[in-house]
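I have placed the structure first, in the form of structure tokens, so that the comments after it can refer back to it.
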Amino acid sequence: MEICADISVGNHHPERHPGIEKEDPSMSELLDPKGRPFKKISVQRKDELPLAPGQTSKAKRYSGVSVETTEVVDLWFGRVHTGVGEHSGAHHHGEAETGGFVLQGNGYIRFGERYEEIIYFNEGDFVYVPPFVPHIEGNVSRSKELIWLTTRNPDNIVVNLEDQDVADIELKYVD
């Protein structure tokens with residue numbers, strides 16, 4: 001038996017891919033190995049991504065694979081943008097584990113007491129942030145936006161922290 005999944009593209013733009021959203025009548029009858037109906041495969045177009053529900057100042061998050069855009073459960077995968085020389089507000093991601101890939105630019109994450117510890121990262125690096133760890137992320141370029149791909153489970157949990165005692169430290173800008 002050949003198993004295939006339903007497919008949807010973009011935010012439902014069948015005119016871009018004629019025929020791709022036609023349902024296989026047998027698909028609705030097929031079940032995955034756990035006995036559940038198969039979910040639809042989908043593509044979210046880069047220029048049509050919605051802003052994620054969880055936002056922090058100066059770290060704009062766009063939802064790629066999320067409950068807002070797909071049938072996913074317990075996963076958020078999106079794109080985060082931080083402008084030239086900017087940094088986010090202090091925040092953590094609750095119970096969510098976070099993995100990131102630096103697509104463009106150079107940045108840092110500050111954490112620890114008064115956010116005095118700092119780790120720098122560059123284009124092509126992977127970053128892991130454990131659950132509940134308060135941090136600030138920023139861009140150490142004066143000419144290039146920082147863009148990274150980020151994934152979280154179980155969801156895009158964002159807990160913004162107010163009135164934080166943040167140390168004044170000197171950053172190592174790359175340009």
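Residue numbering restarts at 1 for every chain of the structure tokens, chains are lettered A, B, ... in their displayed order, and ligands are numbered from 1 as they appear.
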request  = Name all residues at most 8 Å from segment 119-128 of chain A (count only C-alpha atoms; drop same-chain ones fewer than 5 positions away) and give them as a PyMOL selection string.
outcome  = chain A and resi 97-110
Same residues, C-alpha atoms, saved as a PDB file, in the first residue's frame:
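Okay, this is what ended up in out_12.pdb:
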ATOM      1  CA  GLU A  97      13.605  24.062  24.834  1.00  0.00           C
ATOM      2  CA  THR A  98      14.961  26.321  22.100  1.00  0.00           C
ATOM      3  CA  GLY A  99      17.314  25.525  19.242  1.00  0.00           C
ATOM      4  CA  GLY A 100      18.497  28.139  16.787  1.00  0.00           C
ATOM      5  CA  PHE A 101      20.514  28.381  13.593  1.00  0.00           C
ATOM      6  CA  VAL A 102      22.124  31.693  12.652  1.00  0.00           C
ATOM      7  CA  LEU A 103      21.119  32.292   9.051  1.00  0.00           C
ATOM      8  CA  GLN A 104      22.639  35.773   8.709  1.00  0.00           C
ATOM      9  CA  GLY A 105      24.767  38.036  10.851  1.00  0.00           C
ATOM     10  CA  ASN A 106      26.531  37.973  14.185  1.00  0.00           C
ATOM     11  CA  GLY A 107      24.965  38.075  17.609  1.00  0.00           C
ATOM     12  CA  TYR A 108      25.155  37.260  21.275  1.00  0.00           C
ATOM     13  CA  ILE A 109      23.153  35.933  24.178  1.00  0.00           C
ATOM     14  CA  ARG A 110      23.530  37.445  27.646  1.00  0.00           C
TER      15      ARG A 110
END
inquiry  = Neighbouring residues of segment 71-84 of chain A were defined as those with any atom within 7 Å, considering only C-alpha atoms; residues of the same chain fewer than 5 positions away were excluded. Please report them as a ChimeraX atom specification.
reply    = /A:39,58-66,138-139,141-156
Could you take the residues named above and write them with C-alpha atoms, as a tab-separated table (two decimals), in the first residue's frame?
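This went into part-v3.tsv:
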chain	number	residue	atom	x	y	z
A	39	LYS	CA	-2.10	15.44	8.78
A	58	LYS	CA	13.65	44.22	19.20
A	59	ALA	CA	13.35	40.48	18.41
A	60	LYS	CA	10.64	40.11	15.79
A	61	ARG	CA	9.46	36.49	15.51
A	62	TYR	CA	7.68	35.09	12.45
A	63	SER	CA	5.86	31.74	12.61
A	64	GLY	CA	6.84	29.19	9.98
A	65	VAL	CA	5.68	25.84	11.30
A	66	SER	CA	3.30	26.57	14.15
A	138	GLY	CA	21.40	40.98	20.39
A	139	ASN	CA	23.07	41.92	17.14
A	141	SER	CA	26.77	44.26	13.67
A	142	ARG	CA	26.42	47.93	12.80
A	143	SER	CA	25.57	47.10	9.19
A	144	LYS	CA	23.73	43.76	8.92
A	145	GLU	CA	20.43	42.51	10.34
A	146	LEU	CA	20.66	39.37	12.51
A	147	ILE	CA	18.36	36.60	11.25
A	148	TRP	CA	18.10	33.16	12.76
A	149	LEU	CA	15.85	30.18	12.47
A	150	THR	CA	14.49	29.05	15.82
A	151	THR	CA	12.58	26.00	16.93
A	152	ARG	CA	10.87	25.37	20.25
A	153	ASN	CA	8.90	22.65	21.87
A	154	PRO	CA	6.22	22.50	23.04
A	155	ASP	CA	5.37	25.95	21.59
A	156	ASN	CA	6.60	29.53	21.12
task = Considering only C-alpha atoms, state which residue in the set A:Val133, A:Ser88, A:Gly54, A:Val158 is at the smallest distance from Glu68 of chain A.
result =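 Ranked by minimum distance to Glu68 of chain A, first place goes to A:Gly54.
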DSSP strand (DSSP E) residues within segment 18-145 of chain A, as an NGL selection string = :A and (41-43 or 60-65 or 76-82 or 91-92 or 97-104 or 106-111 or 117-122 or 126-129 or 135-139)
Could you turn the residues from that selection into a file that holds N, CA and C atoms, as a compact mmCIF listing (two decimals), in the first residue's frame?
# COMPACT_ATOMS: atom_id res chain seq x y z
N ILE A 41 0.56 17.84 4.68
CA ILE A 41 1.86 18.46 4.43
C ILE A 41 1.57 19.87 3.95
N SER A 42 2.37 20.85 4.38
CA SER A 42 2.11 22.22 3.95
C SER A 42 3.42 22.97 3.77
N VAL A 43 3.34 24.03 3.02
CA VAL A 43 4.47 24.93 2.80
C VAL A 43 4.01 26.33 3.17
N LYS A 60 11.90 40.37 16.50
CA LYS A 60 10.64 40.11 15.79
C LYS A 60 10.60 38.65 15.32
N ARG A 61 9.60 37.91 15.82
CA ARG A 61 9.46 36.49 15.51
C ARG A 61 8.34 36.27 14.50
N TYR A 62 8.66 35.48 13.46
CA TYR A 62 7.68 35.09 12.45
C TYR A 62 7.45 33.59 12.55
N SER A 63 6.20 33.16 12.53
CA SER A 63 5.86 31.74 12.61
C SER A 63 5.96 31.07 11.26
N GLY A 64 6.76 30.01 11.19
CA GLY A 64 6.84 29.19 9.98
C GLY A 64 5.98 27.96 10.15
N VAL A 65 6.46 27.02 10.95
CA VAL A 65 5.68 25.84 11.30
C VAL A 65 5.18 26.06 12.72
N TRP A 76 7.20 24.71 17.57
CA TRP A 76 7.19 26.01 16.90
C TRP A 76 8.52 26.14 16.18
N PHE A 77 8.47 26.56 14.92
CA PHE A 77 9.68 26.76 14.12
C PHE A 77 9.47 28.06 13.35
N GLY A 78 10.35 29.00 13.58
CA GLY A 78 10.17 30.29 12.94
C GLY A 78 11.48 31.02 12.68
N ARG A 79 11.32 32.26 12.30
CA ARG A 79 12.44 33.13 11.96
C ARG A 79 12.42 34.32 12.90
N VAL A 80 13.60 34.69 13.41
CA VAL A 80 13.71 35.81 14.34
C VAL A 80 14.64 36.86 13.73
N HIS A 81 14.20 38.12 13.76
CA HIS A 81 14.99 39.23 13.19
C HIS A 81 15.33 40.22 14.30
N THR A 82 16.61 40.62 14.35
CA THR A 82 17.05 41.67 15.27
C THR A 82 17.82 42.69 14.44
N HIS A 91 14.00 38.11 28.67
CA HIS A 91 12.89 37.17 28.58
C HIS A 91 13.39 35.75 28.79
N HIS A 92 12.45 34.81 28.93
CA HIS A 92 12.77 33.38 28.88
C HIS A 92 11.63 32.68 28.15
N GLU A 97 12.21 24.16 25.23
CA GLU A 97 13.60 24.06 24.83
C GLU A 97 13.72 24.77 23.49
N THR A 98 14.81 25.52 23.31
CA THR A 98 14.96 26.32 22.10
C THR A 98 16.26 25.96 21.39
N GLY A 99 16.15 25.73 20.09
CA GLY A 99 17.31 25.53 19.24
C GLY A 99 17.28 26.57 18.15
N GLY A 100 18.44 27.12 17.83
CA GLY A 100 18.50 28.14 16.79
C GLY A 100 19.64 27.90 15.82
N PHE A 101 19.47 28.41 14.61
CA PHE A 101 20.51 28.38 13.59
C PHE A 101 20.66 29.80 13.06
N VAL A 102 21.88 30.32 13.09
CA VAL A 102 22.12 31.69 12.65
C VAL A 102 22.24 31.70 11.13
N LEU A 103 21.21 32.25 10.51
CA LEU A 103 21.12 32.29 9.05
C LEU A 103 21.95 33.44 8.48
N GLN A 104 21.93 34.59 9.19
CA GLN A 104 22.64 35.77 8.71
C GLN A 104 23.08 36.61 9.90
N ASN A 106 25.75 38.30 13.00
CA ASN A 106 26.53 37.97 14.19
C ASN A 106 25.78 38.47 15.40
N GLY A 107 25.74 37.67 16.44
CA GLY A 107 24.97 38.07 17.61
C GLY A 107 25.55 37.57 18.90
N TYR A 108 24.75 37.71 19.95
CA TYR A 108 25.15 37.26 21.27
C TYR A 108 23.92 36.94 22.10
N ILE A 109 24.16 36.17 23.15
CA ILE A 109 23.15 35.93 24.18
C ILE A 109 23.80 36.27 25.51
N ARG A 110 23.11 37.11 26.29
CA ARG A 110 23.53 37.44 27.65
C ARG A 110 22.63 36.70 28.62
N PHE A 111 23.21 36.23 29.72
CA PHE A 111 22.45 35.46 30.72
C PHE A 111 23.22 35.51 32.03
N GLU A 117 27.07 37.25 31.86
CA GLU A 117 27.72 36.24 31.02
C GLU A 117 27.25 36.46 29.59
N ILE A 118 28.18 36.25 28.66
CA ILE A 118 27.83 36.49 27.25
C ILE A 118 28.49 35.44 26.37
N ILE A 119 27.73 34.96 25.41
CA ILE A 119 28.25 34.05 24.39
C ILE A 119 27.95 34.68 23.04
N TYR A 120 28.99 34.78 22.20
CA TYR A 120 28.83 35.32 20.86
C TYR A 120 28.60 34.18 19.87
N PHE A 121 27.85 34.46 18.82
CA PHE A 121 27.62 33.46 17.78
C PHE A 121 27.67 34.14 16.42
N ASN A 122 27.95 33.33 15.41
CA ASN A 122 28.14 33.83 14.04
C ASN A 122 27.28 33.06 13.06
N PHE A 126 24.90 27.03 15.51
CA PHE A 126 23.68 26.57 16.17
C PHE A 126 23.72 27.02 17.62
N VAL A 127 22.56 27.35 18.17
CA VAL A 127 22.46 27.87 19.53
C VAL A 127 21.38 27.07 20.28
N TYR A 128 21.67 26.73 21.53
CA TYR A 128 20.67 26.06 22.37
C TYR A 128 20.43 26.92 23.60
N VAL A 129 19.15 27.15 23.93
CA VAL A 129 18.76 27.86 25.14
C VAL A 129 17.86 26.93 25.95
N HIS A 135 17.34 35.53 29.46
CA HIS A 135 18.42 35.94 28.57
C HIS A 135 18.01 37.17 27.76
N ILE A 136 19.02 37.75 27.14
CA ILE A 136 18.86 38.88 26.22
C ILE A 136 19.68 38.50 24.99
N GLU A 137 19.10 38.64 23.81
CA GLU A 137 19.87 38.36 22.60
C GLU A 137 20.04 39.65 21.82
N GLY A 138 21.15 39.74 21.11
CA GLY A 138 21.40 40.98 20.39
C GLY A 138 22.25 40.79 19.15
N ASN A 139 22.35 41.88 18.40
CA ASN A 139 23.07 41.92 17.14
C ASN A 139 24.33 42.75 17.34
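The space between atom CA of His87 of chain A and atom CA of Pro131 of chain A spans 20.1 Å.
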task = One decimal, Å: what's the distance from atom CA of Arg114 of chain A over to atom CA of Val174 of chain A, could you say?
result = 23.6 Å
task = Using only C-alpha atoms, find the one residue out of A:Val140, A:Ile169, A:Leu30, A:Leu161 that sits nearest to Gly85 of chain A.
result =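 That would be A:Val140, the residue with the smallest distance to Gly85 of chain A.
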request  = Please measure the separation of atom CA of Val159 of chain A and atom CA of Tyr115 of chain A, giving the value in Å to one decimal.
outcome  =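 Computed distance, atom CA of Val159 of chain A to atom CA of Tyr115 of chain A, equals 16.1 Å.
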DSSP helix (DSSP H, G or I) selection over segment 16-165 of chain A, as a list in words = Arg16, Met27, Ser28, Glu29, Lys46, Asp47, Glu48, Glu113, Arg114 and Tyr115 of chain A
